[in-house]
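Here is coords.pdb, consisting of PDB, C-alpha atoms:
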```pdb
ATOM      1  CA  MET X  18       0.878   6.919  15.391
ATOM      2  CA  ILE X  19      -2.787   5.938  15.106
ATOM      3  CA  LEU X  20      -4.884   9.074  14.705
ATOM      4  CA  LEU X  21      -8.681   8.902  14.975
ATOM      5  CA  GLY X  22     -11.063  11.595  13.855
ATOM      6  CA  SER X  23     -13.487  10.372  16.509
ATOM      7  CA  ALA X  24     -13.061   8.024  19.476
ATOM      8  CA  SER X  25     -16.224   6.279  18.296
ATOM      9  CA  ASP X  26     -14.093   4.583  15.608
ATOM     10  CA  TYR X  27     -12.180   2.651  18.275
ATOM     11  CA  LYS X  28     -13.228  -0.743  16.906
ATOM     12  CA  VAL X  29     -11.391  -0.027  13.636
ATOM     13  CA  ALA X  30      -8.385   1.264  15.584
ATOM     14  CA  GLN X  31      -8.432  -1.890  17.703
ATOM     15  CA  LYS X  32      -7.655  -3.942  14.590
ATOM     16  CA  ALA X  33      -4.476  -1.923  14.049
ATOM     17  CA  VAL X  34      -3.560  -2.115  17.733
ATOM     18  CA  ASN X  35      -3.860  -5.905  17.652
ATOM     19  CA  VAL X  36      -1.363  -6.119  14.799
ATOM     20  CA  PHE X  37       1.153  -3.792  16.467
ATOM     21  CA  GLU X  38       0.905  -5.755  19.719
ATOM     22  CA  GLU X  39       1.438  -9.008  17.809
ATOM     23  CA  MET X  40       4.446  -7.568  15.971
ATOM     24  CA  ASN X  41       5.870  -5.808  19.071
ATOM     25  CA  ILE X  42       5.736  -2.377  17.370
ATOM     26  CA  ASN X  43       5.433   0.738  19.538
ATOM     27  CA  TYR X  44       2.497   3.014  18.722
ATOM     28  CA  ASP X  45       0.648   6.086  19.987
ATOM     29  CA  LEU X  46      -3.124   6.671  19.978
ATOM     30  CA  ARG X  47      -4.504  10.188  19.444
ATOM     31  CA  VAL X  48      -7.914  11.700  18.674
ATOM     32  CA  ALA X  49      -8.267  14.911  16.647
ATOM     33  CA  SER X  50     -10.885  16.099  14.192
ATOM     34  CA  ALA X  51      -9.816  17.803  10.977
ATOM     35  CA  HIS X  52     -12.898  20.047  11.226
ATOM     36  CA  ARG X  53     -13.784  20.499  14.882
ATOM     37  CA  THR X  54     -10.263  20.609  16.360
ATOM     38  CA  SER X  55      -8.054  21.713  13.474
ATOM     39  CA  GLU X  56      -5.544  23.468  15.743
ATOM     40  CA  ARG X  57      -5.203  20.361  17.903
ATOM     41  CA  LEU X  58      -4.514  18.282  14.802
ATOM     42  CA  LYS X  59      -1.901  20.749  13.574
ATOM     43  CA  GLU X  60      -0.231  20.773  17.004
ATOM     44  CA  ILE X  61      -0.003  16.980  17.071
ATOM     45  CA  ILE X  62       1.388  16.611  13.555
ATOM     46  CA  LYS X  63       3.818  19.527  13.730
ATOM     47  CA  ASN X  64       5.149  19.053  17.263
ATOM     48  CA  GLU X  65       4.524  15.468  18.374
ATOM     49  CA  THR X  66       5.553  13.235  15.448
ATOM     50  CA  GLU X  67       9.326  13.752  15.288
ATOM     51  CA  GLY X  68      10.073  10.113  16.164
ATOM     52  CA  VAL X  69       7.028   8.720  14.339
ATOM     53  CA  GLU X  70       7.710   6.807  11.120
ATOM     54  CA  VAL X  71       4.155   6.232   9.838
ATOM     55  CA  ILE X  72       0.819   7.907  10.612
ATOM     56  CA  ILE X  73      -2.410   5.907  10.351
ATOM     57  CA  THR X  74      -5.552   8.032  10.082
ATOM     58  CA  ILE X  75      -9.005   6.604  10.732
ATOM     59  CA  ALA X  76     -12.048   8.624   9.685
ATOM     60  CA  GLY X  77     -15.562   8.306   8.287
ATOM     61  CA  LEU X  78     -18.111  10.514   6.534
ATOM     62  CA  ALA X  79     -16.259  13.346   4.738
ATOM     63  CA  ALA X  80     -12.989  11.783   5.974
ATOM     64  CA  HIS X  81     -10.792  14.842   5.468
ATOM     65  CA  LEU X  82      -8.462  13.766   8.286
ATOM     66  CA  PRO X  83      -6.041  11.783   6.056
ATOM     67  CA  GLY X  84      -5.653  14.580   3.512
ATOM     68  CA  VAL X  85      -5.232  17.338   6.070
ATOM     69  CA  THR X  86      -2.677  15.200   7.926
ATOM     70  CA  ALA X  87      -0.751  14.531   4.704
ATOM     71  CA  SER X  88      -0.698  18.271   3.987
ATOM     72  CA  LEU X  89       1.010  18.930   7.339
ATOM     73  CA  THR X  90       3.833  16.387   7.078
ATOM     74  CA  THR X  91       6.134  14.551   4.663
ATOM     75  CA  LYS X  92       5.782  11.281   6.578
ATOM     76  CA  PRO X  93       3.790   8.416   5.015
ATOM     77  CA  VAL X  94       0.092   8.767   5.817
ATOM     78  CA  ILE X  95      -2.189   5.726   5.639
ATOM     79  CA  ALA X  96      -5.972   6.177   5.565
ATOM     80  CA  VAL X  97      -8.616   3.799   6.854
ATOM     81  CA  PRO X  98     -12.074   4.877   5.647
ATOM     82  CA  VAL X  99     -14.842   3.984   8.095
ATOM     83  CA  ASP X 100     -18.297   2.693   7.229
ATOM     84  CA  VAL X 101     -20.612   5.283   8.792
ATOM     85  CA  LYS X 102     -22.983   5.973   5.901
ATOM     86  CA  LEU X 103     -23.133   5.011   2.203
ATOM     87  CA  GLY X 104     -21.257   1.811   3.016
ATOM     88  CA  GLY X 105     -18.090   3.813   3.592
ATOM     89  CA  ILE X 106     -17.745   4.687  -0.097
ATOM     90  CA  ASP X 107     -17.888   8.409   0.724
ATOM     91  CA  SER X 108     -14.949   8.035   3.118
ATOM     92  CA  LEU X 109     -13.025   5.839   0.695
ATOM     93  CA  LEU X 110     -13.261   8.279  -2.199
ATOM     94  CA  SER X 111     -12.433  11.232   0.041
ATOM     95  CA  SER X 112      -9.276   9.436   1.172
ATOM     96  CA  THR X 113      -8.013   8.249  -2.212
ATOM     97  CA  GLU X 114      -8.810  11.156  -4.517
ATOM     98  CA  MET X 115      -6.202  13.578  -3.222
ATOM     99  CA  GLN X 116      -4.622  16.504  -5.038
ATOM    100  CA  LEU X 117      -1.087  16.288  -6.389
ATOM    101  CA  GLY X 118       1.382  16.656  -3.542
ATOM    102  CA  THR X 119      -0.678  15.126  -0.748
ATOM    103  CA  PRO X 120      -0.470  11.348  -1.295
ATOM    104  CA  VAL X 121      -2.514   9.131   0.992
ATOM    105  CA  ALA X 122      -2.228   5.336   0.959
ATOM    106  CA  THR X 123      -5.805   4.160   1.427
ATOM    107  CA  MET X 124      -6.881   0.781   2.778
ATOM    108  CA  GLY X 125     -10.181  -0.999   2.371
ATOM    109  CA  ILE X 126     -13.179   0.145   4.388
ATOM    110  CA  ASP X 127     -12.707  -0.548   8.134
ATOM    111  CA  ARG X 128      -9.406  -2.358   7.414
ATOM    112  CA  GLY X 129      -7.424  -1.048  10.365
ATOM    113  CA  ASP X 130      -5.511  -4.321  10.399
ATOM    114  CA  ASN X 131      -4.206  -3.824   6.864
ATOM    115  CA  ALA X 132      -3.159  -0.280   7.715
ATOM    116  CA  ALA X 133      -1.013  -1.698  10.495
ATOM    117  CA  TRP X 134       0.421  -4.408   8.227
ATOM    118  CA  LEU X 135       1.362  -1.774   5.658
ATOM    119  CA  ALA X 136       2.951   0.312   8.408
ATOM    120  CA  CYS X 137       5.003  -2.733   9.408
ATOM    121  CA  GLN X 138       6.098  -3.219   5.794
ATOM    122  CA  ILE X 139       7.161   0.420   5.592
ATOM    123  CA  ILE X 140       9.129   0.248   8.846
ATOM    124  CA  ALA X 141      10.711  -3.015   7.672
ATOM    125  CA  CYS X 142      12.296  -1.199   4.719
ATOM    126  CA  ASN X 143      14.995  -0.209   7.206
ATOM    127  CA  ASP X 144      14.681  -3.086   9.703
ATOM    128  CA  GLU X 145      15.977  -6.514   8.651
ATOM    129  CA  ASN X 146      14.608  -8.286  11.741
ATOM    130  CA  LEU X 147      11.101  -7.009  11.114
ATOM    131  CA  LYS X 148      11.443  -7.891   7.442
ATOM    132  CA  ASN X 149      12.191 -11.522   8.368
ATOM    133  CA  VAL X 150       9.306 -11.646  10.856
ATOM    134  CA  LEU X 151       6.914 -10.455   8.126
ATOM    135  CA  LYS X 152       8.106 -13.251   5.851
ATOM    136  CA  GLU X 153       7.501 -15.801   8.608
ATOM    137  CA  LYS X 154       3.999 -14.438   9.131
ATOM    138  CA  ARG X 155       3.265 -14.816   5.436
ATOM    139  CA  PHE X 156       4.432 -18.450   5.467
ATOM    140  CA  ALA X 157       2.201 -19.129   8.473
ATOM    141  CA  TYR X 158      -0.903 -18.333   6.402
ATOM    142  CA  ASN X 159      -0.660 -21.754   4.740
ATOM    143  CA  ALA X 160      -1.036 -23.561   8.061
ATOM    144  CA  LYS X 161      -3.919 -21.275   9.026
ATOM    145  CA  ILE X 162      -5.773 -21.934   5.768
ATOM    146  CA  GLN X 163      -5.172 -25.682   6.086
ATOM    147  CA  LYS X 164      -6.732 -25.659   9.556
ATOM    148  CA  SER X 165      -9.696 -23.620   8.284
ATOM    149  CA  GLU X 166     -10.264 -26.128   5.495
ATOM    150  CA  GLU X 167     -10.296 -29.051   7.930
ATOM    151  CA  GLU X 168     -12.756 -27.264  10.198
ATOM    152  CA  LEU X 169     -14.979 -26.457   7.200
ATOM    153  CA  ILE X 170     -15.109 -30.093   6.076
ATOM    154  CA  GLU X 171     -15.909 -31.235   9.587
ATOM    155  CA  LYS X 172     -18.693 -28.676   9.842
ATOM    156  CA  ILE X 173     -20.597 -29.017   6.537
ATOM    157  CA  ALA X 174     -19.422 -32.064   4.531
ATOM    158  CA  GLY X 175     -22.172 -34.631   3.933
ATOM    159  CA  LYS X 176     -22.360 -38.256   2.805
ATOM    160  CA  ASN X 177     -21.475 -37.412  -0.788
ATOM    161  CA  TYR X 178     -18.284 -35.570   0.103
ATOM    162  CA  ARG X 179     -15.327 -37.097  -1.765
ATOM    163  CA  ARG X 180     -11.756 -35.881  -1.630
ATOM    164  CA  THR X 181     -10.366 -35.387  -5.133
ATOM    165  CA  GLU X 182      -7.290 -37.421  -5.995
ATOM    166  CA  ARG X 183      -4.027 -35.545  -6.171
ATOM    167  CA  SER X 184      -2.094 -35.627  -9.419
ATOM    168  CA  VAL X 185       1.143 -33.726  -9.756
ATOM    169  CA  VAL X 186       1.272 -31.423 -12.765
ATOM    170  CA  GLU X 187       4.629 -30.004 -13.706
ATOM    171  CA  ALA X 188       4.667 -26.247 -13.493
ATOM    172  CA  GLU X 189       5.363 -24.374 -16.687
ATOM    173  CA  GLU X 190       9.063 -23.624 -16.882
ATOM    174  CA  VAL X 191       9.977 -19.965 -17.148
ATOM    175  CA  ASN X 192      13.017 -19.779 -19.381
ATOM    176  CA  SER X 193      13.901 -16.179 -18.617
ATOM    177  CA  SER X 194      14.773 -14.410 -15.393
ATOM    178  CA  LEU X 195      14.250 -10.789 -14.434
ATOM    179  CA  LYS X 196      17.447  -8.763 -14.201
ATOM    180  CA  LEU X 197      17.487  -5.268 -12.773
ATOM    181  CA  ASN X 198      20.199  -2.678 -12.448
ATOM    182  CA  PRO X 199      21.905  -3.232  -9.083
ATOM    183  CA  ASP X 200      20.966   0.229  -7.779
ATOM    184  CA  THR X 201      17.228  -0.122  -8.533
ATOM    185  CA  ASN X 202      15.080   0.825  -5.533
ATOM    186  CA  VAL X 203      11.576   0.567  -6.976
ATOM    187  CA  LEU X 204      10.090  -1.776  -9.570
ATOM    188  CA  ILE X 205       7.118  -0.378 -11.482
ATOM    189  CA  ILE X 206       4.910  -3.056 -13.054
ATOM    190  CA  SER X 207       1.909  -2.717 -15.337
ATOM    191  CA  GLY X 208      -0.057  -5.415 -17.092
ATOM    192  CA  ASN X 209       0.036  -3.734 -20.513
ATOM    193  CA  TYR X 210       1.172  -0.602 -22.316
ATOM    194  CA  SER X 211      -2.177   1.195 -22.228
ATOM    195  CA  ASN X 212      -1.324   3.021 -18.985
ATOM    196  CA  MET X 213       2.008   4.400 -20.199
ATOM    197  CA  GLU X 214       1.132   8.029 -19.448
ATOM    198  CA  VAL X 215       0.554   7.183 -15.775
ATOM    199  CA  VAL X 216       3.799   5.188 -15.713
ATOM    200  CA  ARG X 217       5.691   8.069 -17.324
ATOM    201  CA  ARG X 218       4.572  10.432 -14.572
ATOM    202  CA  ILE X 219       5.673   7.949 -11.901
ATOM    203  CA  ILE X 220       9.140   7.553 -13.415
ATOM    204  CA  GLN X 221       9.537  11.289 -13.969
ATOM    205  CA  THR X 222       8.646  12.094 -10.352
ATOM    206  CA  LEU X 223      10.902   9.348  -8.951
ATOM    207  CA  ASP X 224      13.762  10.668 -11.076
ATOM    208  CA  THR X 225      13.187  14.136  -9.643
ATOM    209  CA  LEU X 226      13.425  12.681  -6.132
ATOM    210  CA  LYS X 227      16.658  10.833  -7.094
ATOM    211  CA  ILE X 228      15.030   7.430  -6.563
ATOM    212  CA  LYS X 229      16.153   4.716  -8.979
ATOM    213  CA  SER X 230      13.361   2.764 -10.635
ATOM    214  CA  GLU X 231      12.756   0.331 -13.473
ATOM    215  CA  TYR X 232       9.604  -0.413 -15.415
ATOM    216  CA  LYS X 233       8.384  -3.805 -16.651
ATOM    217  CA  VAL X 234       5.222  -4.947 -18.401
ATOM    218  CA  ILE X 235       4.104  -8.349 -17.082
ATOM    219  CA  SER X 236       0.543  -9.636 -17.347
ATOM    220  CA  ALA X 237      -0.934 -11.363 -14.309
ATOM    221  CA  THR X 238      -3.509 -13.208 -16.420
ATOM    222  CA  ARG X 239      -1.630 -14.020 -19.643
ATOM    223  CA  SER X 240       1.656 -15.016 -17.992
ATOM    224  CA  PRO X 241       1.053 -15.653 -14.262
ATOM    225  CA  GLU X 242       3.987 -18.070 -13.938
ATOM    226  CA  LYS X 243       6.352 -15.459 -15.360
ATOM    227  CA  LEU X 244       5.103 -12.785 -12.963
ATOM    228  CA  GLU X 245       5.529 -15.052  -9.938
ATOM    229  CA  SER X 246       8.968 -16.194 -11.089
ATOM    230  CA  PHE X 247      10.140 -12.640 -11.774
ATOM    231  CA  ILE X 248       9.062 -11.390  -8.348
ATOM    232  CA  LYS X 249      10.993 -14.256  -6.732
ATOM    233  CA  ASP X 250      14.028 -13.288  -8.826
ATOM    234  CA  ILE X 251      14.223  -9.704  -7.624
ATOM    235  CA  ASP X 252      12.222  -9.433  -4.378
ATOM    236  CA  ASP X 253      15.359  -9.307  -2.213
ATOM    237  CA  ASP X 254      16.889  -6.621  -4.439
ATOM    238  CA  VAL X 255      14.177  -3.954  -4.460
ATOM    239  CA  ASP X 256      12.656  -1.940  -1.630
ATOM    240  CA  MET X 257       9.089  -1.727  -2.912
ATOM    241  CA  TYR X 258       6.767  -2.004  -5.908
ATOM    242  CA  VAL X 259       4.413   0.320  -7.748
ATOM    243  CA  ALA X 260       1.635  -1.520  -9.577
ATOM    244  CA  VAL X 261      -0.333   0.247 -12.311
ATOM    245  CA  SER X 262      -3.509  -1.514 -13.323
ATOM    246  CA  SER X 263      -6.977  -1.020 -14.783
ATOM    247  CA  LEU X 264     -10.246  -2.957 -14.998
ATOM    248  CA  SER X 265     -10.104  -5.804 -12.446
ATOM    249  CA  THR X 266      -6.740  -5.142 -10.852
ATOM    250  CA  ILE X 267      -5.572  -8.741 -10.548
ATOM    251  CA  LEU X 268      -1.990  -7.612 -11.153
ATOM    252  CA  THR X 269      -1.801  -5.692  -7.898
ATOM    253  CA  GLY X 270      -3.279  -8.534  -5.858
ATOM    254  CA  VAL X 271      -0.828 -11.046  -7.323
ATOM    255  CA  ILE X 272       2.174  -8.846  -6.537
ATOM    256  CA  VAL X 273       0.984  -8.296  -2.968
ATOM    257  CA  SER X 274       0.507 -12.039  -2.490
ATOM    258  CA  HIS X 275       4.138 -12.784  -3.445
ATOM    259  CA  THR X 276       5.966 -10.166  -1.368
ATOM    260  CA  THR X 277       6.070  -8.597   2.065
ATOM    261  CA  LYS X 278       7.477  -5.348   0.645
ATOM    262  CA  PRO X 279       5.205  -2.285   0.343
ATOM    263  CA  VAL X 280       3.101  -2.321  -2.832
ATOM    264  CA  ILE X 281       1.743   1.042  -3.966
ATOM    265  CA  GLY X 282      -1.202   0.627  -6.311
ATOM    266  CA  VAL X 283      -2.392   3.068  -8.962
ATOM    267  CA  PRO X 284      -5.849   2.208 -10.353
ATOM    268  CA  CYS X 285      -6.443   3.598 -13.830
ATOM    269  CA  THR X 286      -9.549   4.939 -15.513
ATOM    270  CA  THR X 287     -11.047   2.795 -18.271
ATOM    271  CA  ARG X 288     -14.660   1.735 -17.941
ATOM    272  CA  LEU X 289     -17.101   2.543 -15.130
ATOM    273  CA  PHE X 290     -15.086   5.729 -14.468
ATOM    274  CA  GLY X 291     -12.339   3.596 -12.911
ATOM    275  CA  ILE X 292     -14.484   2.597  -9.920
ATOM    276  CA  ASP X 293     -14.024  -1.079 -10.851
ATOM    277  CA  SER X 294     -10.236  -0.653 -10.805
ATOM    278  CA  LEU X 295     -10.253   1.263  -7.524
ATOM    279  CA  LEU X 296     -12.488  -1.114  -5.582
ATOM    280  CA  SER X 297     -10.827  -4.324  -6.783
ATOM    281  CA  MET X 298      -7.428  -2.888  -5.807
ATOM    282  CA  ILE X 299      -8.268  -1.421  -2.426
ATOM    283  CA  GLU X 300     -10.520  -4.074  -0.872
ATOM    284  CA  MET X 301      -7.814  -6.608  -0.009
ATOM    285  CA  PRO X 302      -8.210  -9.313   2.658
ATOM    286  CA  PRO X 303      -6.448  -9.003   6.022
ATOM    287  CA  GLY X 304      -2.664  -9.343   5.900
ATOM    288  CA  VAL X 305      -2.150  -8.385   2.254
ATOM    289  CA  PRO X 306      -2.512  -4.578   2.025
ATOM    290  CA  THR X 307      -2.242  -2.462  -1.088
ATOM    291  CA  ALA X 308      -1.298   1.192  -0.576
ATOM    292  CA  THR X 309      -3.925   2.483  -2.981
ATOM    293  CA  MET X 310      -3.681   5.927  -4.568
ATOM    294  CA  GLY X 311      -6.358   7.852  -6.428
ATOM    295  CA  LEU X 312      -7.350   7.134 -10.021
ATOM    296  CA  ASP X 313      -4.452   7.730 -12.458
ATOM    297  CA  ALA X 314      -2.492   9.387  -9.611
ATOM    298  CA  GLY X 315       0.990   8.353 -10.737
ATOM    299  CA  GLU X 316       2.729  11.408  -9.258
ATOM    300  CA  ASN X 317       1.191  10.839  -5.840
ATOM    301  CA  ALA X 318       2.276   7.192  -5.948
ATOM    302  CA  ALA X 319       5.853   8.340  -6.558
ATOM    303  CA  LEU X 320       5.588  10.963  -3.812
ATOM    304  CA  PHE X 321       4.347   8.325  -1.363
ATOM    305  CA  VAL X 322       7.381   6.218  -2.292
ATOM    306  CA  GLY X 323       9.487   9.304  -1.585
ATOM    307  CA  ARG X 324       7.863   9.726   1.837
ATOM    308  CA  ILE X 325       8.800   6.153   2.725
ATOM    309  CA  PHE X 326      12.439   6.591   1.710
ATOM    310  CA  ALA X 327      12.577   9.993   3.423
ATOM    311  CA  ILE X 328      12.059   8.292   6.798
ATOM    312  CA  TYR X 329      15.675   7.101   6.803
ATOM    313  CA  ASP X 330      17.380   8.812   3.837
ATOM    314  CA  GLU X 331      18.163  12.483   4.432
ATOM    315  CA  ASN X 332      19.118  13.138   0.799
ATOM    316  CA  ILE X 333      15.743  11.935  -0.454
ATOM    317  CA  ARG X 334      14.020  13.887   2.322
ATOM    318  CA  ASN X 335      15.718  17.043   1.081
ATOM    319  CA  GLU X 336      14.707  16.314  -2.517
ATOM    320  CA  LEU X 337      11.126  15.700  -1.384
ATOM    321  CA  VAL X 338      10.967  18.994   0.506
ATOM    322  CA  LYS X 339      12.445  20.814  -2.505
ATOM    323  CA  PHE X 340       9.859  19.211  -4.799
ATOM    324  CA  MET X 341       7.004  20.152  -2.471
ATOM    325  CA  LYS X 342       8.165  23.772  -2.394
ATOM    326  CA  THR X 343       8.066  23.773  -6.192
ATOM    327  CA  LEU X 344       4.504  22.429  -6.157
ATOM    328  CA  HIS X 345       3.371  25.061  -3.684
ATOM    329  CA  ARG X 346       4.743  27.944  -5.734
ATOM    330  CA  ASN X 347       1.905  29.915  -7.333
ATOM    331  CA  VAL X 348       2.679  29.730 -11.062
ATOM    332  CA  TYR X 349       0.355  32.647 -11.814
ATOM    333  CA  TYR X 350       2.503  35.114  -9.879
ATOM    334  CA  ASP X 351       6.118  34.306 -10.768
TER
END
```

Let me see whether you can do it: turn the structure in this file into structure tokens.
Amino acid sequence: MILLGSASDYKVAQKAVNVFEEMNINYDLRVASAHRTSERLKEIIKNETEGVEVIITIAGLAAHLPGVTASLTTKPVIAVPVDVKLGGIDSLLSSTEMQLGTPVATMGIDRGDNAAWLACQIIACNDENLKNVLKEKRFAYNAKIQKSEEELIEKIAGKNYRRTERSVVEAEEVNSSLKLNPDTNVLIISGNYSNMEVVRRIIQTLDTLKIKSEYKVISATRSPEKLESFIKDIDDDVDMYVAVSSLSTILTGVIVSHTTKPVIGVPCTTRLFGIDSLLSMIEMPPGVPTATMGLDAGENAALFVGRIFAIYDENIRNELVKFMKTLHRNVYYD
């Protein structure tokens, strides 16, 4: 379901619609404001989403629609912040910085297309045909880029344009391979050990939801060949990834570029209050979405993973509901 806070955001929704039409995915289009028509929104989420697997919310300004929607359901909620004022930064922060228990996977500003691609990746977790189509789409990017390069040369190259000669350089051999336990569902990757507290909270929450995970430290800048090789080793064996990264979040972008599985990103606070981490993680180009959580929001990343699994696994759905009831209990009045 594509849910708009205002019909005026139809151009952003159109990007998502185009992807679903291309991928032959059924979708619904609804308009409801979290503020002006709160009862309408509640009615839609509570009574009209039984067969819906993923909900895409599109909103600008205060952009409370994604959070309110996530509070009314245990289905995965994807947010697309809209550039209305302040360059869309107000909407982006409102979508990502959610309280514990209401995870929202936020896309880049106006990136309705990436919201739809992430929705396809989520649905593909339980659809082998769609999974294969996504892989084919990813391979097709090479041909598209090649054509773009040829058109660029034709358009702007001058008399001093010279094609560089090709020399084959042997890739660095990676002597080790990545081995995971056969029942691992989620691979958590960070670039170093400095974000261990965030990782610990992710693992702890996944364990509570009975979701099997493993954690690896692999640097995208110090050992890029190893990271690429390791993802190839295990990509068919895991359902999704959680990437924990700070500063310029190259790690997350590299993982997304080597898989068509959902990648949930957790930007971490270091310098610049973590804004550098958040923006470099969330503003991905079309076709390579990162399901970005709030700063240091490891628990919400794990809960979003749980929402994905809960679509088709009743046991995990029950664990998720039980966990949410625990969160909602008022600890001051036991």

From the set X:Thr113, X:Thr276, X:Ser246, X:Ser236, which residue has the shortest atom-to-atom contact distance to Glu153 of chain X, counting all atoms listed in the file? X:Thr276

Convert the output of the PyMOL selection byres ((chain X and resi 323) around 9) on the shown file into explicit residues, formatted as a ChimeraX atom specification. /X:91,93,223,226,228,318-322,324-328,333-334,336-337

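Put simply, atom CA of Pro284 of chain X is 20.7 Å away from atom CA of Ile139 of chain X.
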
Given the choices X:Ser240, X:Ser265, X:Asn131, X:Gln116, which gets closest to Ala96 of chain X if the distance is worked out from all atoms listed in the file?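 Result for the nearest residue to Ala96 of chain X: X:Asn131.
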
Quick one: distance from atom CA of Asn149 of chain X to atom CA of Gly270 of chain X in Å, one decimal?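 The value is 21.2 Å.
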
Got a sec to resolve the PyMOL selection byres ((chain X and resi 117) around 10) on this structure and send the residues as a list in words? Glu114, Met115, Gln116, Gly118, Thr119, Pro120, Gly311, Ala314, Gly315, Glu316, Asn317, Ala318, Leu320, Met341 and Leu344 of chain X

Identify which of the residues X:Ile62, X:Asp107, X:Leu289, X:Val215 lies closest to Ser88 of chain X, counting all atoms listed in the file when measuring atom-to-atom distances. X:Ile62

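From atom CA of Asn209 of chain X back to atom CA of Leu264 of chain X, the distance works out to 11.7 Å.
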
Which residues, protein or nucleic acid, reach to within 10 Å of (11.5, -2.6, 6.4) in the file's coordinates when using only C-alpha atoms, and can you give that as a list in words?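 Counting only C-alpha atoms, I find these residues within 10 Å of (11.5, -2.6, 6.4): Ala136, Cys137, Gln138, Ile139, Ile140, Ala141, Cys142, Asn143, Asp144, Glu145, Asn146, Leu147, Lys148, Asn149, Leu151, Asp256, Met257, Thr277, Lys278, Pro279 and Ile325 of chain X.
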
Write the residues of the preceding selection, restricted to C-alpha atoms, as a PDB file, keeping the file's coordinate frame.
```
ATOM      1  CA  ALA X 136       2.951   0.312   8.408  1.00  0.00           C
ATOM      2  CA  CYS X 137       5.003  -2.733   9.408  1.00  0.00           C
ATOM      3  CA  GLN X 138       6.098  -3.219   5.794  1.00  0.00           C
ATOM      4  CA  ILE X 139       7.161   0.420   5.592  1.00  0.00           C
ATOM      5  CA  ILE X 140       9.129   0.248   8.846  1.00  0.00           C
ATOM      6  CA  ALA X 141      10.711  -3.015   7.672  1.00  0.00           C
ATOM      7  CA  CYS X 142      12.296  -1.199   4.719  1.00  0.00           C
ATOM      8  CA  ASN X 143      14.995  -0.209   7.206  1.00  0.00           C
ATOM      9  CA  ASP X 144      14.681  -3.086   9.703  1.00  0.00           C
ATOM     10  CA  GLU X 145      15.977  -6.514   8.651  1.00  0.00           C
ATOM     11  CA  ASN X 146      14.608  -8.286  11.741  1.00  0.00           C
ATOM     12  CA  LEU X 147      11.101  -7.009  11.114  1.00  0.00           C
ATOM     13  CA  LYS X 148      11.443  -7.891   7.442  1.00  0.00           C
ATOM     14  CA  ASN X 149      12.191 -11.522   8.368  1.00  0.00           C
ATOM     15  CA  LEU X 151       6.914 -10.455   8.126  1.00  0.00           C
ATOM     16  CA  ASP X 256      12.656  -1.940  -1.630  1.00  0.00           C
ATOM     17  CA  MET X 257       9.089  -1.727  -2.912  1.00  0.00           C
ATOM     18  CA  THR X 277       6.070  -8.597   2.065  1.00  0.00           C
ATOM     19  CA  LYS X 278       7.477  -5.348   0.645  1.00  0.00           C
ATOM     20  CA  PRO X 279       5.205  -2.285   0.343  1.00  0.00           C
ATOM     21  CA  ILE X 325       8.800   6.153   2.725  1.00  0.00           C
TER      22      ILE X 325
END
```

Taking the file as shown, what set of residues would the PyMOL selection byres ((chain X and resi 197) around 12) give back, as a PyMOL selection string? chain X and resi 194-196+198-205+229-233+247-248+250-255

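Taking all atoms listed in the file into account, Ala237 of chain X lies nearest to X:Ile272 out of the set X:Ile95, X:Val216, X:Ile272, X:Leu103.
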
As JSON, what would the box around segment 147-157 of chain X look like: edges along x, y and z, 4 Å added on every side, centre and edge lengths in Å to one decimal?
```
{"center_x": 7.2, "center_y": -13.1, "center_z": 8.3, "size_x": 18.0, "size_y": 20.1, "size_z": 13.7}
```

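Proximity to Pro83 of chain X was assessed for X:Gln163, X:Asn41, X:Thr66, X:Ser112 counting only C-alpha atoms; the smallest distance is recorded for X:Ser112.
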
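Each of X:Leu89, X:Leu268, X:Met301, X:Leu20 was checked against Lys63 of chain X using only C-alpha atoms; the smallest atom-to-atom distance is that of X:Leu89.
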
Applying 6 Å and all atoms listed in the file, which residues near Ala260 of chain X remain after dropping the ones on its own chain fewer than 3 positions away? List them as a list in words. Ile205, Ile206, Ser207, Thr269 and Gly282 of chain X

Quick one: everything within 12 Å of Ile292 of chain X, counting only C-alpha atoms, minus sequence neighbours fewer than 3 positions away in the same chain. Send it as a compact mmCIF listing (two decimals) with C-alpha atoms, keeping the file's coordinate frame.
```txt
# COMPACT_ATOMS: atom_id res chain seq x y z
CA ILE X 106 -17.74 4.69 -0.10
CA LEU X 109 -13.02 5.84 0.70
CA LEU X 110 -13.26 8.28 -2.20
CA THR X 113 -8.01 8.25 -2.21
CA GLU X 114 -8.81 11.16 -4.52
CA SER X 263 -6.98 -1.02 -14.78
CA LEU X 264 -10.25 -2.96 -15.00
CA SER X 265 -10.10 -5.80 -12.45
CA THR X 266 -6.74 -5.14 -10.85
CA PRO X 284 -5.85 2.21 -10.35
CA CYS X 285 -6.44 3.60 -13.83
CA THR X 286 -9.55 4.94 -15.51
CA THR X 287 -11.05 2.80 -18.27
CA ARG X 288 -14.66 1.74 -17.94
CA LEU X 289 -17.10 2.54 -15.13
CA LEU X 295 -10.25 1.26 -7.52
CA LEU X 296 -12.49 -1.11 -5.58
CA SER X 297 -10.83 -4.32 -6.78
CA MET X 298 -7.43 -2.89 -5.81
CA ILE X 299 -8.27 -1.42 -2.43
CA GLU X 300 -10.52 -4.07 -0.87
CA GLY X 311 -6.36 7.85 -6.43
CA LEU X 312 -7.35 7.13 -10.02
CA ASP X 313 -4.45 7.73 -12.46
```
